[in-house]
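start-v6.cif follows; it contains mmCIF, C-alpha atoms and all ligand atoms.
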```cif
data_model
#
loop_
_atom_site.label_atom_id
_atom_site.label_comp_id
_atom_site.auth_asym_id
_atom_site.auth_seq_id
_atom_site.Cartn_x
_atom_site.Cartn_y
_atom_site.Cartn_z
CA MET A 1039 -2.73 11.90 -19.87
CA THR A 1040 -5.65 11.16 -22.23
CA LEU A 1041 -9.19 10.81 -20.90
CA GLU A 1042 -9.07 7.08 -21.62
CA ALA A 1043 -5.76 6.64 -19.77
CA GLY A 1044 -7.20 8.63 -16.83
CA LYS A 1045 -10.21 6.33 -16.69
CA GLN A 1046 -8.02 3.22 -16.84
CA PHE A 1047 -5.88 4.62 -14.06
CA GLU A 1048 -8.84 5.24 -11.74
CA THR A 1049 -10.15 1.73 -12.51
CA LEU A 1050 -6.72 0.35 -11.61
CA LEU A 1051 -6.73 2.26 -8.28
CA ARG A 1052 -10.19 0.90 -7.44
CA TYR A 1053 -9.05 -2.61 -8.37
CA LEU A 1054 -6.04 -2.32 -6.04
CA ARG A 1055 -8.24 -1.04 -3.23
CA ASP A 1056 -11.11 -3.52 -3.60
CA ASN A 1057 -9.07 -6.63 -4.32
CA ARG A 1058 -5.84 -6.09 -2.45
CA GLY A 1059 -6.65 -3.56 0.25
CA PHE A 1060 -4.00 -1.12 -1.08
CA ASP A 1061 -5.88 2.17 -1.11
CA TYR A 1062 -4.04 4.73 -3.22
CA THR A 1063 -7.21 6.65 -4.13
CA GLY A 1064 -6.33 9.32 -1.56
CA TYR A 1065 -2.84 9.96 -3.03
CA LYS A 1066 -2.04 12.85 -5.35
CA ARG A 1067 -2.33 11.64 -8.89
CA ASN A 1068 0.79 13.18 -10.50
CA THR A 1069 3.29 11.23 -8.35
CA ILE A 1070 1.58 7.86 -8.48
CA VAL A 1071 0.72 8.12 -12.18
CA ARG A 1072 4.41 8.78 -12.88
CA ARG A 1073 5.54 5.84 -10.77
CA ILE A 1074 3.05 3.33 -12.15
CA ALA A 1075 3.67 4.52 -15.74
CA LYS A 1076 7.40 3.93 -15.15
CA ARG A 1077 6.65 0.42 -13.91
CA CYS A 1078 4.48 -0.23 -17.02
CA ASN A 1079 7.43 0.88 -19.17
CA GLU A 1080 9.80 -1.49 -17.37
CA LEU A 1081 7.40 -4.33 -18.10
CA GLY A 1082 6.85 -3.25 -21.73
CA LEU A 1083 3.15 -2.60 -21.11
CA THR A 1084 1.54 0.21 -23.06
CA ASN A 1085 -1.40 1.16 -20.84
CA PHE A 1086 -2.81 0.94 -17.31
CA GLY A 1087 -5.47 -1.56 -18.39
CA ALA A 1088 -2.73 -3.96 -19.51
CA TYR A 1089 -0.99 -3.44 -16.16
CA GLN A 1090 -4.20 -4.38 -14.33
CA ASP A 1091 -4.34 -7.61 -16.39
CA TYR A 1092 -0.70 -8.22 -15.53
CA LEU A 1093 -1.42 -7.79 -11.80
CA GLN A 1094 -4.21 -10.35 -12.01
CA VAL A 1095 -1.85 -13.10 -13.15
CA HIS A 1096 1.33 -12.07 -11.29
CA GLY A 1097 0.58 -12.10 -7.57
CA ASP A 1098 4.10 -10.99 -6.60
CA GLU A 1099 3.71 -7.77 -8.58
CA PHE A 1100 1.69 -6.19 -5.75
CA ALA A 1101 4.70 -6.11 -3.42
CA ILE A 1102 6.85 -4.58 -6.19
CA LEU A 1103 4.23 -1.93 -6.89
CA PHE A 1104 3.92 -1.16 -3.16
CA ASP A 1105 7.68 -0.60 -3.06
CA LYS A 1106 7.61 1.66 -6.11
CA ILE A 1107 4.85 3.85 -4.74
CA LEU A 1108 6.05 4.38 -1.18
CA ILE A 1109 9.05 6.66 -1.01
CA ASN A 1110 11.15 5.96 2.09
CA VAL A 1111 13.74 8.72 1.68
CA THR A 1112 14.61 10.07 5.11
CA ASP A 1113 17.52 11.10 7.32
CA PHE A 1114 18.46 11.87 10.90
CA PHE A 1115 17.67 15.51 11.72
CA ARG A 1116 16.40 16.07 8.18
CA ASP A 1117 16.30 19.89 7.70
CA PRO A 1118 18.65 20.55 10.64
CA GLN A 1119 17.42 24.13 11.20
CA ALA A 1120 13.90 22.92 11.91
CA TRP A 1121 15.21 20.35 14.43
CA GLU A 1122 17.36 23.01 16.08
CA TYR A 1123 14.26 25.17 16.40
CA LEU A 1124 12.38 22.25 17.92
CA ALA A 1125 15.18 21.55 20.41
CA LYS A 1126 15.44 25.18 21.48
CA ASN A 1127 11.84 26.29 21.49
CA ILE A 1128 9.43 23.39 21.67
CA VAL A 1129 11.17 20.63 23.65
CA PRO A 1130 11.62 22.88 26.74
CA ARG A 1131 7.87 23.68 26.72
CA ILE A 1132 6.98 20.00 26.39
CA ILE A 1133 9.23 18.78 29.19
CA ASP A 1134 8.17 21.62 31.49
CA LYS A 1135 4.75 20.07 31.87
CA PRO A 1136 4.85 17.29 34.48
CA GLY A 1137 3.94 13.72 33.57
CA LEU A 1138 4.32 11.46 30.57
CA ILE A 1139 5.47 12.82 27.23
CA ARG A 1140 3.85 11.11 24.28
CA ILE A 1141 5.22 11.58 20.78
CA TRP A 1142 4.05 10.04 17.50
CA SER A 1143 6.00 9.92 14.27
CA PRO A 1144 3.65 8.52 11.58
CA GLY A 1145 5.23 7.98 8.14
CA THR A 1146 8.48 7.50 10.00
CA ALA A 1147 9.95 5.29 7.20
CA SER A 1148 13.08 3.63 8.64
CA GLY A 1149 12.86 5.47 11.98
CA GLU A 1150 15.54 8.17 11.66
CA GLU A 1151 12.96 10.82 12.53
CA ALA A 1152 11.80 8.99 15.66
CA TYR A 1153 15.36 8.44 16.89
CA SER A 1154 16.16 12.12 16.20
CA ALA A 1155 13.26 13.05 18.48
CA ALA A 1156 14.47 10.55 21.09
CA ILE A 1157 17.95 12.11 21.05
CA LEU A 1158 16.53 15.63 21.55
CA LEU A 1159 14.37 14.51 24.44
CA CYS A 1160 17.13 12.47 26.06
CA GLU A 1161 19.56 15.38 25.76
CA ALA A 1162 17.02 17.65 27.44
CA LEU A 1163 15.90 15.27 30.19
CA GLY A 1164 18.83 12.95 30.83
CA PRO A 1165 18.52 9.18 30.37
CA GLU A 1166 16.66 8.39 33.61
CA ALA A 1167 13.85 10.88 33.16
CA PHE A 1168 13.77 10.05 29.45
CA LEU A 1169 13.07 6.40 30.21
CA ARG A 1170 10.55 7.28 32.90
CA ARG A 1171 8.61 9.93 31.01
CA VAL A 1172 8.93 9.53 27.25
CA LYS A 1173 7.07 7.22 24.86
CA ILE A 1174 7.71 7.61 21.15
CA TYR A 1175 5.40 5.76 18.78
CA ALA A 1176 6.93 5.43 15.33
CA THR A 1177 4.72 4.03 12.58
CA ASP A 1178 4.64 3.53 8.85
CA LEU A 1179 2.68 1.63 6.24
CA ASP A 1180 5.85 -0.04 5.04
CA GLU A 1181 6.94 -3.00 7.20
CA GLN A 1182 10.25 -3.33 5.39
CA ALA A 1183 11.25 0.23 6.31
CA LEU A 1184 10.21 -0.41 9.92
CA GLU A 1185 12.41 -3.49 10.00
CA LYS A 1186 15.43 -1.31 9.31
CA ALA A 1187 14.42 0.97 12.19
CA ARG A 1188 14.40 -2.07 14.45
CA THR A 1189 17.66 -3.63 13.27
CA GLY A 1190 20.00 -0.65 12.86
CA TYR A 1191 21.88 1.58 10.47
CA THR A 1192 25.03 1.66 8.36
CA GLU A 1193 27.80 4.19 8.98
CA GLN A 1194 26.57 6.08 5.92
CA ASP A 1195 23.02 6.29 7.32
CA LEU A 1196 24.44 7.90 10.46
CA GLU A 1197 26.46 10.59 8.68
CA ALA A 1198 24.03 13.36 9.67
CA VAL A 1199 24.45 12.55 13.37
CA ASP A 1200 27.13 14.52 15.15
CA GLU A 1201 30.00 12.30 16.34
CA VAL A 1202 29.45 12.95 20.04
CA LEU A 1203 25.78 12.05 19.75
CA ARG A 1204 26.62 9.02 17.63
CA ALA A 1205 28.89 7.67 20.35
CA ARG A 1206 26.34 8.51 23.04
CA TYR A 1207 23.27 6.99 21.41
CA PHE A 1208 24.35 4.18 19.09
CA GLU A 1209 26.07 0.88 19.66
CA PRO A 1210 27.24 -1.91 17.35
CA LEU A 1211 24.72 -4.64 16.62
CA GLY A 1212 25.34 -7.40 14.08
CA GLY A 1213 27.61 -5.29 11.85
CA ARG A 1214 25.32 -2.25 12.06
CA SER A 1215 24.74 0.57 14.52
CA ALA A 1216 21.57 0.40 16.56
CA PHE A 1217 20.04 2.86 19.00
CA LYS A 1218 21.27 2.08 22.54
CA ALA A 1219 19.36 -0.90 23.91
CA SER A 1220 19.12 0.71 27.35
CA LEU A 1221 17.09 3.62 25.88
CA ARG A 1222 15.30 1.74 23.17
CA ARG A 1223 12.30 0.69 25.27
CA SER A 1224 10.92 4.23 25.10
CA LEU A 1225 10.37 3.74 21.35
CA ILE A 1226 7.66 1.56 19.88
CA PHE A 1227 7.60 0.75 16.17
CA GLY A 1228 4.54 -0.57 14.39
CA ARG A 1229 2.58 -0.64 11.16
CA HIS A 1230 -0.09 2.04 10.85
CA ASP A 1231 -2.00 3.28 7.84
CA LEU A 1232 -2.67 7.01 8.10
CA MET A 1233 -5.65 6.70 5.80
CA GLN A 1234 -7.43 3.94 7.60
CA ASP A 1235 -6.25 3.35 11.15
CA ALA A 1236 -7.30 5.18 14.31
CA PRO A 1237 -4.72 7.70 15.50
CA ILE A 1238 -2.52 7.29 18.57
CA SER A 1239 -3.90 9.70 21.16
CA ARG A 1240 -3.00 12.03 24.07
CA LEU A 1241 0.04 13.34 22.23
CA ASN A 1242 2.28 16.21 23.21
CA LEU A 1243 4.10 16.22 19.88
CA LEU A 1244 3.15 14.78 16.50
CA ILE A 1245 5.91 14.67 13.91
CA CYS A 1246 4.57 13.93 10.45
CA ARG A 1247 7.10 15.13 7.93
CA ASN A 1248 7.20 14.70 4.17
CA THR A 1249 4.29 12.29 4.19
CA LEU A 1250 1.08 14.35 4.06
CA MET A 1251 2.30 15.88 0.81
CA TYR A 1252 1.63 12.61 -1.04
CA PHE A 1253 -2.10 12.76 -0.24
CA THR A 1254 -4.88 14.69 -1.98
CA ALA A 1255 -6.22 17.80 -0.23
CA GLU A 1256 -9.34 15.92 0.88
CA THR A 1257 -7.35 13.05 2.40
CA GLN A 1258 -4.94 15.49 4.05
CA GLY A 1259 -7.96 17.20 5.63
CA ARG A 1260 -9.25 13.94 7.00
CA ILE A 1261 -5.82 12.98 8.41
CA LEU A 1262 -5.34 16.43 9.95
CA ALA A 1263 -8.73 16.18 11.66
CA ARG A 1264 -7.51 12.92 13.22
CA PHE A 1265 -4.22 14.57 14.22
CA HIS A 1266 -6.18 17.33 15.89
CA TYR A 1267 -8.12 14.74 17.86
CA ALA A 1268 -4.90 12.87 18.73
CA LEU A 1269 -3.09 15.87 20.23
CA GLU A 1270 -3.48 17.23 23.74
CA ASP A 1271 -4.85 20.78 23.90
CA ASP A 1272 -1.37 22.28 24.02
CA GLY A 1273 0.15 19.68 21.67
CA TYR A 1274 2.42 20.53 18.74
CA LEU A 1275 2.45 19.37 15.13
CA PHE A 1276 5.75 19.34 13.24
CA LEU A 1277 5.47 19.08 9.45
CA GLY A 1278 7.97 18.79 6.60
CA ARG A 1279 9.52 21.74 4.83
CA ALA A 1280 7.31 21.43 1.75
CA GLU A 1281 4.08 21.12 3.72
CA MET A 1282 1.62 23.87 4.63
CA LEU A 1283 -1.69 23.96 6.47
CA LEU A 1284 -3.29 26.74 4.48
CA MET A 1285 -6.82 25.43 4.72
CA HIS A 1286 -6.79 24.18 8.28
CA GLY A 1287 -6.35 27.39 10.28
CA SER A 1288 -9.36 26.55 12.40
CA ILE A 1289 -7.73 23.46 13.89
CA PHE A 1290 -4.00 24.34 13.87
CA GLU A 1291 -2.23 27.67 14.23
CA PRO A 1292 1.40 28.32 13.37
CA VAL A 1293 3.95 28.62 16.15
CA ASP A 1294 6.71 29.10 13.60
CA LEU A 1295 5.58 28.90 10.00
CA LYS A 1296 9.08 28.76 8.52
CA GLN A 1297 10.01 25.73 10.62
CA ARG A 1298 6.53 24.22 10.06
CA VAL A 1299 5.64 23.94 13.73
CA PHE A 1300 1.95 24.31 14.58
CA ARG A 1301 -0.13 24.26 17.73
CA ARG A 1302 -3.47 22.58 18.15
CA VAL A 1303 -6.43 24.96 18.34
CA PRO A 1304 -8.80 23.58 21.00
CA ARG A 1305 -12.32 22.34 20.08
CA PRO A 1306 -12.70 22.32 16.30
CA PRO A 1307 -15.95 23.14 14.54
CA LEU A 1308 -18.28 20.18 14.06
CA ARG A 1309 -17.50 19.99 10.34
CA GLU A 1310 -13.87 19.10 11.03
CA ARG A 1311 -14.80 16.69 13.74
CA LEU A 1312 -17.01 14.83 11.29
CA MET A 1313 -14.04 14.43 8.95
CA ILE A 1314 -12.67 11.95 11.46
CA LEU A 1315 -15.36 9.62 10.15
CA PRO A 1316 -14.16 6.66 8.11
CA GLN A 1317 -14.02 7.00 4.35
CA GLY A 1318 -16.59 5.38 2.11
CA GLY A 1319 -20.37 5.47 1.86
CA ASN A 1320 -22.28 8.22 0.09
CA SER A 1321 -22.82 11.70 1.48
CA GLU A 1322 -26.24 10.73 2.85
CA ASP A 1323 -24.63 7.84 4.81
CA ARG A 1324 -21.96 10.19 6.08
CA ASP A 1325 -24.53 12.83 7.14
CA HIS A 1326 -26.48 10.14 8.94
CA ALA A 1327 -23.34 8.74 10.60
CA GLY A 1328 -22.32 12.31 11.50
CA ARG A 1329 -25.68 12.95 13.21
CA GLN A 1330 -25.44 9.65 15.06
CA ILE A 1331 -21.96 10.50 16.31
CA ARG A 1332 -23.13 13.96 17.37
CA PHE A 1333 -26.03 12.43 19.36
CA HIS A 1334 -23.65 10.01 21.06
CA GLU A 1335 -21.23 12.84 21.81
CA LEU A 1336 -23.96 15.01 23.33
CA ALA A 1337 -25.35 12.13 25.37
CA SER A 1338 -21.87 11.22 26.55
CA GLU A 1339 -21.00 14.82 27.44
CA ALA A 1340 -24.27 15.21 29.39
CA SER A 1341 -23.66 12.08 31.45
CA PRO A 1342 -22.42 12.59 35.04
CA LEU A 1343 -20.27 9.46 34.63
CA ALA A 1344 -16.80 9.47 33.11
CA HIS A 1345 -16.43 7.28 30.01
CA ILE A 1346 -13.41 6.11 28.13
CA VAL A 1347 -13.41 3.90 25.05
CA VAL A 1348 -10.30 1.91 24.30
CA ASP A 1349 -9.72 0.12 20.98
CA ALA A 1350 -8.40 -3.42 20.54
CA LEU A 1351 -4.79 -2.16 20.63
CA GLY A 1352 -5.31 -0.35 23.91
CA ASN A 1353 -5.37 3.14 22.33
CA LEU A 1354 -7.78 5.68 23.76
CA ALA A 1355 -10.46 6.17 21.11
CA LEU A 1356 -12.97 8.41 22.97
CA ALA A 1357 -13.37 10.11 26.31
CA ASN A 1358 -16.11 12.40 27.68
C1 LIG B 1401 9.33 10.41 2.33
S1 LIG B 1401 8.99 9.34 3.65
C2 LIG B 1401 9.10 10.45 5.03
C3 LIG B 1401 10.01 9.92 6.12
C4 LIG B 1401 10.22 10.87 7.29
N1 LIG B 1401 8.98 11.25 7.90
C5 LIG B 1401 10.98 12.10 6.86
O1 LIG B 1401 10.42 13.18 6.76
O2 LIG B 1401 12.20 11.99 6.62
C6 LIG B 1401 7.23 9.05 3.49
C7 LIG B 1401 6.76 7.84 4.26
O3 LIG B 1401 5.34 7.83 4.27
C8 LIG B 1401 4.93 6.49 4.29
N2 LIG B 1401 3.51 6.38 3.90
C9 LIG B 1401 2.96 6.53 2.68
N3 LIG B 1401 1.63 6.31 2.74
C10 LIG B 1401 1.34 6.04 4.05
C11 LIG B 1401 0.13 5.74 4.75
N4 LIG B 1401 -1.03 5.66 4.11
N5 LIG B 1401 0.21 5.51 6.08
C12 LIG B 1401 1.40 5.57 6.74
N6 LIG B 1401 2.57 5.85 6.13
C13 LIG B 1401 2.54 6.08 4.80
C14 LIG B 1401 5.86 5.82 3.30
O4 LIG B 1401 5.93 4.41 3.49
C15 LIG B 1401 7.19 6.52 3.63
O5 LIG B 1401 7.95 5.78 4.54
#
```

Can you give me the file's structure in the form of structure tokens?
Amino acid sequence: MTLEAGKQFETLLRYLRDNRGFDYTGYKRNTIVRRIAKRCNELGLTNFGAYQDYLQVHGDEFAILFDKILINVTDFFRDPQAWEYLAKNIVPRIIDKPGLIRIWSPGTASGEEAYSAAILLCEALGPEAFLRRVKIYATDLDEQALEKARTGYTEQDLEAVDEVLRARYFEPLGGRSAFKASLRRSLIFGRHDLMQDAPISRLNLLICRNTLMYFTAETQGRILARFHYALEDDGYLFLGRAEMLLMHGSIFEPVDLKQRVFRRVPRPPLRERLMILPQGGNSEDRDHAGRQIRFHELASEASPLAHIVVDALGNLALAN
């Protein structure tokens, strides 16, 4: 890409963020440049500046662009070996601990990953304990993909699910196959933006596969710091096959590197904790905000009273 094209591209990303609230500035450039360039070609536009002009007069183009950029490819038990490892080695440790089991699958696309986790847990616990103990939060930026998770799958979508499990966990619904209604209330689907929204907390298992890889290293770092905060001390992080945590050894340690299963390292250094801060502002603002947060943390930790802070959605945001 020429320098001029690069500049136009960054201007386009800022335009999308500031005018439409679609923030792609944290995504790796090679993938999104390729996708937007392809869209320009389809429209017969020769540069990113012309595409920005096009967006200004064609309001419906934003939804098309959104669709082109987000890749929803997924499957049940994608990378079966890794799921087998999870079933054999991690699920027993999670269910051994008494109490609720909280799982989050961000970037879940159309939900296959979340239902795969539900099947493993239900196989291990039995349906009664599953319903009593398990909550699986499945989120994505893409509402359309989530709608499929809610409404059901075609026979082809279910090919990767073993026939016995298919009969046990799916039932016909309006010409499709949906996860059994009697078990479905343990799963909650909702829109969540990994770059901007507060994480779901107190997790025993966080499954974020084939999603982090679309973000720049800096954005990945910020998301991982939030994941660290979101997990219980002995919580597990399950990543996709192509994803590594080379630079984040201080907050996650591998349980099985090949299968991309990591464990949370308790109490991160302050630097990582400050990465939980929202994006934006200059470094002076961030330093100031970091100091403020540190003061609040110290004051809160020194207080003899217990504090919890809950956000508008009822998620635990802070606790001393
Ligand atoms: C390739 S799919 C991965 C699906 C599934 N986790 C798997 O491994 O099979 C990537 C998903 O990440 C979602 N995604 C992209 N940016 C996101 C963001 N900022 N917040 C939440 N989800 C995002 C996309 O909509 C897409 O559904």

Item checked: Option closest in space to ligand LIG 1401 (chain B), from A:Leu1250, A:Met1282, A:Ala1268, A:Leu1275 [counting all atoms listed in the file] ->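 Using all atoms listed in the file, the shortest distance to ligand LIG 1401 (chain B) belongs to A:Leu1250.
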
Go through chain A and flag each residue having an atom no more than 8 Å from ligand LIG 1401 (chain B); for those, report the closest pair of atoms plus their distance in Å to one decimal, using all atoms listed in the file, ordered by chain and rising number, as CSV.
```
residue,atom,partner,partner_atom,distance
A:Asp1061,CA,B:LIG1401,N4,7.9
A:Tyr1062,CA,B:LIG1401,N4,8.0
A:Leu1108,CA,B:LIG1401,O4,4.7
A:Ile1109,CA,B:LIG1401,C15,5.0
A:Asn1110,CA,B:LIG1401,O5,4.0
A:Val1111,CA,B:LIG1401,C1,4.8
A:Thr1112,CA,B:LIG1401,O2,3.4
A:Asp1113,CA,B:LIG1401,O2,5.4
A:Phe1114,CA,B:LIG1401,O2,7.6
A:Arg1116,CA,B:LIG1401,O2,6.1
A:Ser1143,CA,B:LIG1401,N1,7.2
A:Pro1144,CA,B:LIG1401,C12,6.1
A:Gly1145,CA,B:LIG1401,O3,3.9
A:Thr1146,CA,B:LIG1401,N1,4.3
A:Ala1147,CA,B:LIG1401,O5,3.4
A:Ser1148,CA,B:LIG1401,O5,6.9
A:Gly1149,CA,B:LIG1401,C4,7.6
A:Glu1150,CA,B:LIG1401,O2,7.2
A:Glu1151,CA,B:LIG1401,C4,5.9
A:Thr1177,CA,B:LIG1401,C12,6.9
A:Asp1178,CA,B:LIG1401,N6,4.1
A:Leu1179,CA,B:LIG1401,C12,4.2
A:Asp1180,CA,B:LIG1401,O4,4.7
A:Ala1183,CA,B:LIG1401,O5,6.7
A:Arg1229,CA,B:LIG1401,C12,7.7
A:His1230,CA,B:LIG1401,C12,5.6
A:Asp1231,CA,B:LIG1401,N5,3.6
A:Leu1232,CA,B:LIG1401,N5,3.8
A:Met1233,CA,B:LIG1401,N4,5.0
A:Gln1234,CA,B:LIG1401,N4,7.5
A:Ile1245,CA,B:LIG1401,N1,7.6
A:Cys1246,CA,B:LIG1401,N1,5.8
A:Arg1247,CA,B:LIG1401,O1,4.0
A:Asn1248,CA,B:LIG1401,O1,4.4
A:Thr1249,CA,B:LIG1401,C6,4.4
A:Leu1250,CA,B:LIG1401,O3,7.8
A:Tyr1252,CA,B:LIG1401,C9,7.3
A:Gly1278,CA,B:LIG1401,O1,6.1
```

Next item on the list: Name the closest residue to Ile1107 of chain A among the candidates A:Tyr1065, A:Phe1265, A:Tyr1153, A:Trp1121; distances are taken between atoms, counting all atoms listed in the file.
Entry: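 Of A:Tyr1065, A:Phe1265, A:Tyr1153, A:Trp1121, the one nearest Ile1107 of chain A is A:Tyr1065, counting all atoms listed in the file.
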
Check: Which residue gives the smallest distance to Gly1228 of chain A among A:Asp1200, A:Asp1091, A:Glu1181, A:Glu1042, with all atoms listed in the file counted?
Finding: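 Looking only at the distances to Gly1228 of chain A, the closest residue turns out to be A:Glu1181.
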
Notebook entry, point to check: Distance atom CA of Asp1294 of chain A-atom CA of Ala1176 of chain A, one decimal place?
Noted result: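 So the two atoms, atom CA of Asp1294 of chain A and atom CA of Ala1176 of chain A, lie 23.7 Å apart.
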
Check: Could you state the separation of atom CA of Glu1193 of chain A and atom CA of Ser1224 of chain A in Å, given to one decimal place?
Finding: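 Atom CA of Ser1224 of chain A lies 23.3 Å from atom CA of Glu1193 of chain A.
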
Contact residues around Tyr1123 of chain A with only C-alpha atoms at 12 Å, ignoring same-chain residues under 3 positions, as an mmCIF file with C-alpha atoms, in the frame of the given file:
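This is the output file selection00.cif:
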```cif
data_model
loop_
_atom_site.group_PDB
_atom_site.id
_atom_site.type_symbol
_atom_site.label_atom_id
_atom_site.label_comp_id
_atom_site.auth_asym_id
_atom_site.auth_seq_id
_atom_site.Cartn_x
_atom_site.Cartn_y
_atom_site.Cartn_z
ATOM 1 C CA PHE A 1115 17.670 15.510 11.720
ATOM 2 C CA ASP A 1117 16.300 19.890 7.700
ATOM 3 C CA PRO A 1118 18.650 20.550 10.640
ATOM 4 C CA GLN A 1119 17.420 24.130 11.200
ATOM 5 C CA ALA A 1120 13.900 22.920 11.910
ATOM 6 C CA LYS A 1126 15.440 25.180 21.480
ATOM 7 C CA ASN A 1127 11.840 26.290 21.490
ATOM 8 C CA ILE A 1128 9.430 23.390 21.670
ATOM 9 C CA VAL A 1129 11.170 20.630 23.650
ATOM 10 C CA PRO A 1130 11.620 22.880 26.740
ATOM 11 C CA LEU A 1158 16.530 15.630 21.550
ATOM 12 C CA PHE A 1276 5.750 19.340 13.240
ATOM 13 C CA VAL A 1293 3.950 28.620 16.150
ATOM 14 C CA ASP A 1294 6.710 29.100 13.600
ATOM 15 C CA LEU A 1295 5.580 28.900 10.000
ATOM 16 C CA LYS A 1296 9.080 28.760 8.520
ATOM 17 C CA GLN A 1297 10.010 25.730 10.620
ATOM 18 C CA ARG A 1298 6.530 24.220 10.060
ATOM 19 C CA VAL A 1299 5.640 23.940 13.730
#
```

Notebook entry, point to check: With all atoms listed in the file as the atoms that count, which of A:Leu1138, A:Ile1174, A:Leu1203, A:Leu1225 lies nearest to Ile1157 of chain A?
Noted result: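 Counting all atoms listed in the file, the residue closest to Ile1157 of chain A is A:Leu1203.
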
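The nearest approach to Ala1205 of chain A among the residues A:Gly1137, A:Glu1048, A:His1286, A:Lys1218, with all atoms listed in the file taken into account, belongs to A:Lys1218.
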
Next item on the list: List every protein, DNA or RNA residue that has at least one atom no more than 8 Å from (3.6, 10.0, 20.8) in the file's coordinates, counting all atoms listed in the file, and write the result as an MDAnalysis selection string.
Entry: chainID A and resid 1139:1143 1173:1176 1238:1244

Write to file, as a compact mmCIF listing (two decimals), in the frame of the given file, the residues of the selection just made, with C-alpha atoms.
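Output contents, as saved in out18.txt:
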```txt
# COMPACT_ATOMS: atom_id res chain seq x y z
CA ILE A 1139 5.47 12.82 27.23
CA ARG A 1140 3.85 11.11 24.28
CA ILE A 1141 5.22 11.58 20.78
CA TRP A 1142 4.05 10.04 17.50
CA SER A 1143 6.00 9.92 14.27
CA LYS A 1173 7.07 7.22 24.86
CA ILE A 1174 7.71 7.61 21.15
CA TYR A 1175 5.40 5.76 18.78
CA ALA A 1176 6.93 5.43 15.33
CA ILE A 1238 -2.52 7.29 18.57
CA SER A 1239 -3.90 9.70 21.16
CA ARG A 1240 -3.00 12.03 24.07
CA LEU A 1241 0.04 13.34 22.23
CA ASN A 1242 2.28 16.21 23.21
CA LEU A 1243 4.10 16.22 19.88
CA LEU A 1244 3.15 14.78 16.50
```

So that I can check the surroundings of segment 1050-1056 of chain A, please list as a PDB file with C-alpha atoms, keeping the file's coordinate frame every protein, DNA and RNA residue that reaches within 10 Å of it, counting only C-alpha atoms and ignoring chain neighbours fewer than 4 positions away.
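Dumped everything to around01.pdb:
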```pdb
ATOM      1  CA  GLY A1044      -7.200   8.630 -16.830  1.00  0.00           C
ATOM      2  CA  LYS A1045     -10.210   6.330 -16.690  1.00  0.00           C
ATOM      3  CA  GLN A1046      -8.020   3.220 -16.840  1.00  0.00           C
ATOM      4  CA  PHE A1060      -4.000  -1.120  -1.080  1.00  0.00           C
ATOM      5  CA  ASP A1061      -5.880   2.170  -1.110  1.00  0.00           C
ATOM      6  CA  TYR A1062      -4.040   4.730  -3.220  1.00  0.00           C
ATOM      7  CA  THR A1063      -7.210   6.650  -4.130  1.00  0.00           C
ATOM      8  CA  GLY A1064      -6.330   9.320  -1.560  1.00  0.00           C
ATOM      9  CA  PHE A1086      -2.810   0.940 -17.310  1.00  0.00           C
ATOM     10  CA  GLY A1087      -5.470  -1.560 -18.390  1.00  0.00           C
ATOM     11  CA  ALA A1088      -2.730  -3.960 -19.510  1.00  0.00           C
ATOM     12  CA  TYR A1089      -0.990  -3.440 -16.160  1.00  0.00           C
ATOM     13  CA  GLN A1090      -4.200  -4.380 -14.330  1.00  0.00           C
ATOM     14  CA  ASP A1091      -4.340  -7.610 -16.390  1.00  0.00           C
ATOM     15  CA  LEU A1093      -1.420  -7.790 -11.800  1.00  0.00           C
ATOM     16  CA  GLN A1094      -4.210 -10.350 -12.010  1.00  0.00           C
ATOM     17  CA  PHE A1100       1.690  -6.190  -5.750  1.00  0.00           C
TER      18      PHE A1100
END
```

Checklist line | atom CA of Thr1040 of chain A to atom CA of Ala1280 of chain A, distance in Å rounded to a single decimal | finding: 29.1 Å

Check: Which residue, A:Asp1098, A:Asp1195, A:Ala1187, A:Leu1169, has the smallest gap to Ser1220 of chain A when you use all atoms listed in the file?
Finding: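 Between A:Asp1098, A:Asp1195, A:Ala1187, A:Leu1169, the residue approaching Ser1220 of chain A most closely is A:Leu1169.
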